[in-house]
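File shown: data-v3.csv. Contents: CSV, C-alpha atoms.
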chain,number,residue,atom,x,y,z
T,1386,MET,CA,21.2,101.8,105.7
T,1387,LYS,CA,22.7,98.7,107.2
T,1388,ASN,CA,25.4,98.8,109.8
T,1389,GLU,CA,28.7,100.2,108.4
T,1390,LEU,CA,31.4,97.5,108.3
T,1391,ASP,CA,34.2,99.4,110.1
T,1392,LEU,CA,36.2,96.3,111.2
T,1393,VAL,CA,37.4,93.9,108.5
T,1394,VAL,CA,39.0,90.6,109.5
T,1395,LEU,CA,41.0,88.8,106.8
T,1396,ASP,CA,42.6,85.4,106.7
T,1397,MET,CA,46.1,85.1,105.3
T,1398,ALA,CA,47.1,81.8,103.5
T,1399,GLY,CA,44.7,81.3,100.6
T,1400,THR,CA,42.9,84.6,101.1
T,1401,THR,CA,45.4,87.4,101.0
T,1402,VAL,CA,48.5,85.1,100.5
T,1403,ALA,CA,48.8,82.7,97.6
T,1404,ASP,CA,50.8,79.9,99.1
T,1405,ASP,CA,50.4,77.5,96.1
T,1406,GLY,CA,49.8,74.4,98.2
T,1407,LEU,CA,52.5,75.1,100.7
T,1408,VAL,CA,50.3,73.9,103.7
T,1409,GLU,CA,50.0,70.4,102.2
T,1410,ALA,CA,53.6,70.4,101.1
T,1411,ALA,CA,54.8,71.4,104.6
T,1412,PHE,CA,52.5,68.8,106.2
T,1413,THR,CA,53.8,66.0,104.0
T,1414,ALA,CA,57.4,66.9,104.5
T,1415,ALA,CA,57.0,67.2,108.3
T,1416,ALA,CA,55.2,63.9,108.5
T,1417,GLU,CA,57.9,62.2,106.5
T,1418,ARG,CA,60.6,63.7,108.8
T,1419,LEU,CA,58.9,62.2,111.8
T,1420,GLY,CA,58.4,58.8,110.2
T,1421,GLU,CA,54.7,59.2,109.8
T,1422,ASP,CA,52.6,58.3,106.7
T,1423,PRO,CA,51.1,61.5,105.3
T,1424,ALA,CA,48.8,59.6,103.0
T,1425,THR,CA,46.7,58.4,105.9
T,1426,MET,CA,46.2,62.0,107.2
T,1427,ILE,CA,46.0,64.3,104.2
T,1428,ASP,CA,42.2,64.1,103.8
T,1429,HIS,CA,41.7,65.4,107.3
T,1430,VAL,CA,44.3,68.2,106.7
T,1431,ARG,CA,42.4,69.3,103.6
T,1432,ALA,CA,39.1,69.2,105.3
T,1433,THR,CA,40.3,71.3,108.2
T,1434,MET,CA,42.2,74.0,106.3
T,1435,GLY,CA,41.9,77.2,108.3
T,1436,GLU,CA,42.0,75.4,111.7
T,1437,SER,CA,44.8,75.9,114.2
T,1438,LYS,CA,47.5,73.5,113.1
T,1439,ILE,CA,48.2,72.2,116.6
T,1440,THR,CA,44.5,71.3,116.9
T,1441,VAL,CA,44.7,69.4,113.6
T,1442,PHE,CA,47.7,67.4,114.9
T,1443,ARG,CA,46.0,66.7,118.2
T,1444,HIS,CA,43.1,65.1,116.3
T,1445,LEU,CA,45.4,63.1,114.0
T,1446,PHE,CA,47.3,61.7,116.9
T,1447,GLY,CA,44.4,60.9,119.2
T,1448,GLY,CA,45.1,63.6,121.7
T,1449,ASP,CA,48.8,62.6,122.2
T,1450,GLU,CA,50.0,66.1,123.2
T,1451,GLU,CA,53.7,65.4,123.0
T,1452,ARG,CA,53.4,63.8,119.5
T,1453,ALA,CA,51.1,66.6,118.3
T,1454,ARG,CA,53.5,69.3,119.5
T,1455,ARG,CA,56.5,67.6,117.9
T,1456,ALA,CA,54.6,67.3,114.6
T,1457,ASN,CA,53.4,70.9,114.8
T,1458,LEU,CA,57.0,72.1,115.4
T,1459,ALA,CA,58.2,70.1,112.4
T,1460,PHE,CA,55.4,71.6,110.3
T,1461,GLU,CA,56.1,75.2,111.3
T,1462,ARG,CA,59.8,74.6,110.6
T,1463,VAL,CA,59.2,73.2,107.1
T,1464,TYR,CA,56.7,75.9,106.2
T,1465,GLY,CA,59.1,78.6,107.3
T,1466,GLU,CA,61.8,77.0,105.1
T,1467,LEU,CA,59.4,77.1,102.1
T,1468,VAL,CA,58.5,80.7,102.9
T,1469,ASP,CA,62.2,81.7,103.1
T,1470,GLY,CA,62.7,79.9,99.8
T,1471,GLY,CA,60.4,82.4,98.1
T,1472,ARG,CA,57.5,80.1,97.6
T,1473,ILE,CA,54.8,82.6,98.5
T,1474,ALA,CA,53.3,85.7,96.9
T,1475,PRO,CA,50.3,88.1,97.6
T,1476,VAL,CA,47.0,87.2,96.1
T,1477,PRO,CA,46.7,89.7,93.3
T,1478,GLY,CA,45.2,92.9,94.6
T,1479,ALA,CA,45.3,91.9,98.3
T,1480,ALA,CA,47.7,94.5,99.5
T,1481,GLU,CA,45.9,97.2,97.5
T,1482,THR,CA,42.6,96.0,99.0
T,1483,VAL,CA,43.8,96.3,102.5
T,1484,ALA,CA,45.2,99.8,101.8
T,1485,ALA,CA,41.9,100.9,100.2
T,1486,LEU,CA,39.9,99.6,103.1
T,1487,ARG,CA,42.1,101.5,105.6
T,1488,GLU,CA,41.9,104.6,103.5
T,1489,GLN,CA,38.1,104.4,103.8
T,1490,GLY,CA,38.6,104.6,107.6
T,1491,ARG,CA,38.1,100.9,108.3
T,1492,THR,CA,40.3,98.9,110.6
T,1493,VAL,CA,41.8,95.8,109.0
T,1494,VAL,CA,43.1,92.7,111.0
T,1495,LEU,CA,45.0,89.8,109.4
T,1496,THR,CA,44.5,86.4,111.1
T,1497,THR,CA,46.0,82.9,110.6
T,1498,GLY,CA,45.8,79.4,111.9
T,1499,PHE,CA,49.6,79.3,112.0
T,1500,ALA,CA,51.8,79.9,115.1
T,1501,ARG,CA,53.1,83.5,115.6
T,1502,VAL,CA,56.6,82.6,114.4
T,1503,THR,CA,55.1,81.4,111.0
T,1504,GLN,CA,52.8,84.4,110.7
T,1505,ASP,CA,55.7,86.7,111.3
T,1506,ALA,CA,57.7,84.9,108.7
T,1507,LEU,CA,54.9,85.5,106.2
T,1508,LEU,CA,54.6,89.1,107.1
T,1509,ASP,CA,58.4,89.7,106.7
T,1510,ALA,CA,58.6,87.8,103.4
T,1511,LEU,CA,55.8,89.9,101.9
T,1512,GLY,CA,56.9,93.2,103.5
T,1513,TRP,CA,53.5,93.4,105.2
T,1514,ARG,CA,54.5,94.3,108.8
T,1515,ASP,CA,52.7,97.6,108.5
T,1516,LEU,CA,50.0,96.6,106.0
T,1517,ALA,CA,47.2,96.0,108.5
T,1518,ASP,CA,46.2,97.6,111.8
T,1519,LEU,CA,46.7,94.3,113.7
T,1520,THR,CA,47.7,90.7,113.1
T,1521,LEU,CA,46.4,87.8,115.2
T,1522,CYS,CA,47.2,84.1,115.6
T,1523,PRO,CA,45.4,81.6,117.7
T,1524,ALA,CA,47.7,82.1,120.7
T,1525,ASP,CA,46.7,85.8,120.7
T,1526,ALA,CA,43.1,84.8,121.2
T,1527,GLY,CA,43.5,82.4,124.1
T,1528,GLY,CA,44.8,79.5,122.1
T,1529,ARG,CA,41.6,78.4,120.2
T,1530,GLY,CA,41.8,79.0,116.5
T,1531,ARG,CA,39.0,78.6,113.9
T,1532,PRO,CA,36.2,77.5,113.7
T,1533,TYR,CA,35.8,79.2,117.1
T,1534,PRO,CA,35.0,82.9,116.9
T,1535,ASP,CA,37.8,83.9,119.2
T,1536,MET,CA,40.1,85.6,116.8
T,1537,VAL,CA,37.3,87.7,115.2
T,1538,LEU,CA,36.1,88.7,118.7
T,1539,THR,CA,39.7,89.4,119.8
T,1540,ALA,CA,40.0,91.7,116.8
T,1541,LEU,CA,37.0,93.6,118.0
T,1542,LEU,CA,38.3,93.8,121.6
T,1543,ARG,CA,41.9,94.7,120.7
T,1544,THR,CA,41.0,97.4,118.2
T,1545,GLY,CA,37.8,98.8,119.7
T,1546,ALA,CA,36.9,99.6,116.1
T,1547,VAL,CA,33.1,98.8,116.4
T,1548,ASP,CA,30.5,98.5,119.1
T,1549,ASP,CA,28.4,95.8,117.4
T,1550,VAL,CA,29.6,92.5,116.0
T,1551,ARG,CA,27.2,93.1,113.0
T,1552,ARG,CA,29.6,95.8,111.9
T,1553,ILE,CA,32.4,93.3,111.3
T,1554,ALA,CA,33.2,91.9,107.8
T,1555,VAL,CA,35.1,88.5,107.7
T,1556,ALA,CA,36.8,87.1,104.6
T,1557,GLY,CA,38.5,83.7,104.2
T,1558,ASP,CA,38.9,80.8,101.8
T,1559,THR,CA,37.9,77.8,104.1
T,1560,SER,CA,34.7,76.5,105.7
T,1561,TYR,CA,36.3,77.1,109.1
T,1562,ASP,CA,36.8,80.8,108.2
T,1563,MET,CA,33.1,81.0,107.4
T,1564,LEU,CA,32.1,79.2,110.7
T,1565,SER,CA,34.3,81.5,112.7
T,1566,GLY,CA,32.8,84.7,111.1
T,1567,ALA,CA,29.2,83.4,111.4
T,1568,ARG,CA,29.7,82.3,115.1
T,1569,ALA,CA,31.1,85.8,115.9
T,1570,GLY,CA,28.0,87.4,114.5
T,1571,ALA,CA,29.7,89.2,111.7
T,1572,GLY,CA,27.4,91.1,109.3
T,1573,LEU,CA,29.2,90.1,106.2
T,1574,VAL,CA,31.0,86.7,105.9
T,1575,ALA,CA,32.7,86.4,102.5
T,1576,GLY,CA,34.2,83.2,101.1
T,1577,VAL,CA,36.9,83.7,98.5
T,1578,LEU,CA,37.7,81.1,95.7
T,1579,THR,CA,41.5,81.6,95.8
T,1580,GLY,CA,42.2,79.0,98.4
T,1581,ALA,CA,41.2,75.6,99.8
T,1582,HIS,CA,37.4,75.3,99.5
T,1583,ARG,CA,34.8,75.8,96.8
T,1584,ALA,CA,31.5,77.7,96.9
T,1585,PRO,CA,29.3,74.9,98.3
T,1586,ALA,CA,31.5,74.4,101.3
T,1587,LEU,CA,31.7,78.1,101.9
T,1588,THR,CA,28.0,78.8,101.7
T,1589,GLY,CA,27.2,75.6,103.6
T,1590,HIS,CA,29.2,76.9,106.6
T,1591,GLY,CA,27.9,80.4,106.8
T,1592,ALA,CA,29.2,82.5,103.9
T,1593,THR,CA,26.8,85.4,103.1
T,1594,HIS,CA,28.9,86.2,99.9
T,1595,VAL,CA,31.2,84.2,97.7
T,1596,LEU,CA,33.8,86.2,95.8
T,1597,GLY,CA,36.4,85.4,93.2
T,1598,SER,CA,39.1,86.9,95.4
T,1599,VAL,CA,39.6,89.4,98.2
T,1600,ALA,CA,40.0,92.1,95.6
T,1601,GLU,CA,36.2,92.1,95.2
T,1602,LEU,CA,35.6,92.7,98.9
T,1603,PRO,CA,35.5,96.5,98.9
T,1604,GLU,CA,32.7,96.4,96.3
T,1605,ALA,CA,30.8,93.8,98.3
T,1606,ILE,CA,31.1,95.9,101.4
T,1607,ARG,CA,29.9,99.0,99.4
T,1608,GLU,CA,26.9,97.0,98.2
T,1609,TYR,CA,26.1,95.7,101.7
T,1610,GLU,CA,26.2,99.2,103.1
T,1611,SER,CA,24.0,100.8,100.4
Since I need it in another form, could you write the structure as structure tokens?
Amino acid sequence: MKNELDLVVLDMAGTTVADDGLVEAAFTAAAERLGEDPATMIDHVRATMGESKITVFRHLFGGDEERARRANLAFERVYGELVDGGRIAPVPGAAETVAALREQGRTVVLTTGFARVTQDALLDALGWRDLADLTLCPADAGGRGRPYPDMVLTALLRTGAVDDVRRIAVAGDTSYDMLSGARAGAGLVAGVLTGAHRAPALTGHGATHVLGSVAELPEAIREYES
């Protein structure tokens, strides 16, 4: 038998949360509020879905920290407004999947590239405050988001759920989610097709499995362990 996957680390937007293009909409609105041209930046935003948003803005503005922080604050504010407006919903079966995994005795951690205030807004809007064992944003893991492995490894350290990184399962919808899981040494790295990136990008960046949605993850874990 392979290692049992007792720690499951799940992305939020695009993986467990269907945000229906809200990241791009919030980015566009934030750029326009700041007098920037979103059309010159949107390709990079799409390519780096899953990355910490402040890191994206630092790249776009050539390391200009003040400008990046101002843009990130505008983005978080707009995204929060869209969330408050009811523009999000769970991916079908996501909450039930988390509940099922926990009932099996696994520890489940929800992660995001958003700031804590935005992650909390999502959790509150969905009624998910108690859904998972732990929630993490980049600031909780030293400030570096994906594609670094930090949030996955912080999930291990904070929960103490496993004694071997190979007993971690990671699921996300972006190439950066896959890189983060692979770099952390996770035994199962699942890309889901409900979000930003398609199968070639997911497998090309470390996915061991490609699933239609996170609802298929329990079966993938069962097959992995058998």
Checklist line | Using all atoms listed in the file: which of T:Ala1540, T:Val1476, T:Val1394, T:Val1547 has the shortest distance to T:Val1574 | finding: T:Val1394
Item checked: Contacts of T:Val1577 within 12 Å, only C-alpha atoms, excl. fewer than 5 positions in-chain, as an MDAnalysis selection string -> chainID T and resid 1395:1403 1476 1479 1555:1560 1562:1563 1582:1588 1592:1602 1605
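Among T:Gly1572, T:Pro1532, T:Gly1591, T:Gly1478, the residue with the shortest atom-to-atom distance to T:Thr1433, counting only C-alpha atoms, is T:Pro1532.
Pairwise distance (atom CA of T:Ile1427, atom CA of T:Phe1412) equals 8.2 Å.
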Item checked: Straight-line distance linking atom CA of T:Arg1454 with atom CA of T:Trp1513, stated in Å to one decimal -> 28.0 Å
Saving stretch 1588-1599 of chain T with all heavy atoms, as an mmCIF file, in the first residue's frame, what would that file be?
data_model
loop_
_atom_site.group_PDB
_atom_site.id
_atom_site.type_symbol
_atom_site.label_atom_id
_atom_site.label_comp_id
_atom_site.auth_asym_id
_atom_site.auth_seq_id
_atom_site.Cartn_x
_atom_site.Cartn_y
_atom_site.Cartn_z
ATOM 1 N N THR T 1588 -0.684 19.315 -16.170
ATOM 2 C CA THR T 1588 0.262 18.188 -16.192
ATOM 3 C C THR T 1588 1.686 18.665 -16.465
ATOM 4 O O THR T 1588 2.651 18.104 -15.948
ATOM 5 C CB THR T 1588 -0.136 17.153 -17.257
ATOM 6 O OG1 THR T 1588 -0.237 17.792 -18.533
ATOM 7 C CG2 THR T 1588 -1.464 16.516 -16.914
ATOM 8 N N GLY T 1589 1.808 19.743 -17.243
ATOM 9 C CA GLY T 1589 3.130 20.275 -17.544
ATOM 10 C C GLY T 1589 3.815 20.910 -16.354
ATOM 11 O O GLY T 1589 5.024 21.154 -16.392
ATOM 12 N N HIS T 1590 3.057 21.176 -15.301
ATOM 13 C CA HIS T 1590 3.636 21.799 -14.105
ATOM 14 C C HIS T 1590 3.554 20.905 -12.872
ATOM 15 O O HIS T 1590 3.682 21.387 -11.748
ATOM 16 C CB HIS T 1590 2.955 23.141 -13.833
ATOM 17 C CG HIS T 1590 3.313 24.187 -14.840
ATOM 18 N ND1 HIS T 1590 2.672 24.292 -16.055
ATOM 19 C CD2 HIS T 1590 4.266 25.171 -14.832
ATOM 20 C CE1 HIS T 1590 3.195 25.293 -16.744
ATOM 21 N NE2 HIS T 1590 4.168 25.828 -16.039
ATOM 22 N N GLY T 1591 3.348 19.604 -13.086
ATOM 23 C CA GLY T 1591 3.496 18.678 -11.973
ATOM 24 C C GLY T 1591 2.276 17.909 -11.534
ATOM 25 O O GLY T 1591 2.362 17.127 -10.575
ATOM 26 N N ALA T 1592 1.137 18.088 -12.195
ATOM 27 C CA ALA T 1592 -0.050 17.336 -11.789
ATOM 28 C C ALA T 1592 0.160 15.841 -11.997
ATOM 29 O O ALA T 1592 0.591 15.412 -13.063
ATOM 30 C CB ALA T 1592 -1.272 17.798 -12.572
ATOM 31 N N THR T 1593 -0.151 15.056 -10.978
ATOM 32 C CA THR T 1593 -0.135 13.598 -11.111
ATOM 33 C C THR T 1593 -1.486 13.081 -11.572
ATOM 34 O O THR T 1593 -1.590 11.961 -12.074
ATOM 35 C CB THR T 1593 0.231 12.931 -9.777
ATOM 36 O OG1 THR T 1593 -0.765 13.273 -8.783
ATOM 37 C CG2 THR T 1593 1.598 13.390 -9.292
ATOM 38 N N HIS T 1594 -2.526 13.890 -11.369
ATOM 39 C CA HIS T 1594 -3.887 13.545 -11.764
ATOM 40 C C HIS T 1594 -4.561 14.799 -12.315
ATOM 41 O O HIS T 1594 -4.280 15.909 -11.857
ATOM 42 C CB HIS T 1594 -4.714 13.050 -10.571
ATOM 43 C CG HIS T 1594 -4.206 11.792 -9.937
ATOM 44 N ND1 HIS T 1594 -2.998 11.718 -9.271
ATOM 45 C CD2 HIS T 1594 -4.762 10.547 -9.859
ATOM 46 C CE1 HIS T 1594 -2.826 10.480 -8.818
ATOM 47 N NE2 HIS T 1594 -3.874 9.754 -9.163
ATOM 48 N N VAL T 1595 -5.471 14.625 -13.279
ATOM 49 C CA VAL T 1595 -6.326 15.706 -13.743
ATOM 50 C C VAL T 1595 -7.769 15.247 -13.564
ATOM 51 O O VAL T 1595 -8.161 14.195 -14.071
ATOM 52 C CB VAL T 1595 -6.051 16.075 -15.213
ATOM 53 C CG1 VAL T 1595 -7.058 17.130 -15.686
ATOM 54 C CG2 VAL T 1595 -4.633 16.601 -15.367
ATOM 55 N N LEU T 1596 -8.544 16.047 -12.823
ATOM 56 C CA LEU T 1596 -9.911 15.683 -12.475
ATOM 57 C C LEU T 1596 -10.897 16.699 -13.037
ATOM 58 O O LEU T 1596 -10.556 17.873 -13.211
ATOM 59 C CB LEU T 1596 -10.065 15.638 -10.950
ATOM 60 C CG LEU T 1596 -9.019 14.825 -10.174
ATOM 61 C CD1 LEU T 1596 -9.266 14.972 -8.676
ATOM 62 C CD2 LEU T 1596 -9.062 13.364 -10.586
ATOM 63 N N GLY T 1597 -12.105 16.244 -13.299
ATOM 64 C CA GLY T 1597 -13.136 17.161 -13.760
ATOM 65 C C GLY T 1597 -13.443 18.220 -12.733
ATOM 66 O O GLY T 1597 -13.651 19.385 -13.067
ATOM 67 N N SER T 1598 -13.464 17.830 -11.480
ATOM 68 C CA SER T 1598 -13.695 18.776 -10.389
ATOM 69 C C SER T 1598 -13.189 18.173 -9.093
ATOM 70 O O SER T 1598 -12.837 16.985 -9.025
ATOM 71 C CB SER T 1598 -15.185 19.112 -10.256
ATOM 72 O OG SER T 1598 -15.866 18.121 -9.513
ATOM 73 N N VAL T 1599 -13.199 18.985 -8.056
ATOM 74 C CA VAL T 1599 -12.731 18.533 -6.745
ATOM 75 C C VAL T 1599 -13.621 17.428 -6.187
ATOM 76 O O VAL T 1599 -13.189 16.648 -5.336
ATOM 77 C CB VAL T 1599 -12.650 19.731 -5.763
ATOM 78 C CG1 VAL T 1599 -14.042 20.201 -5.352
ATOM 79 C CG2 VAL T 1599 -11.799 19.390 -4.544
#
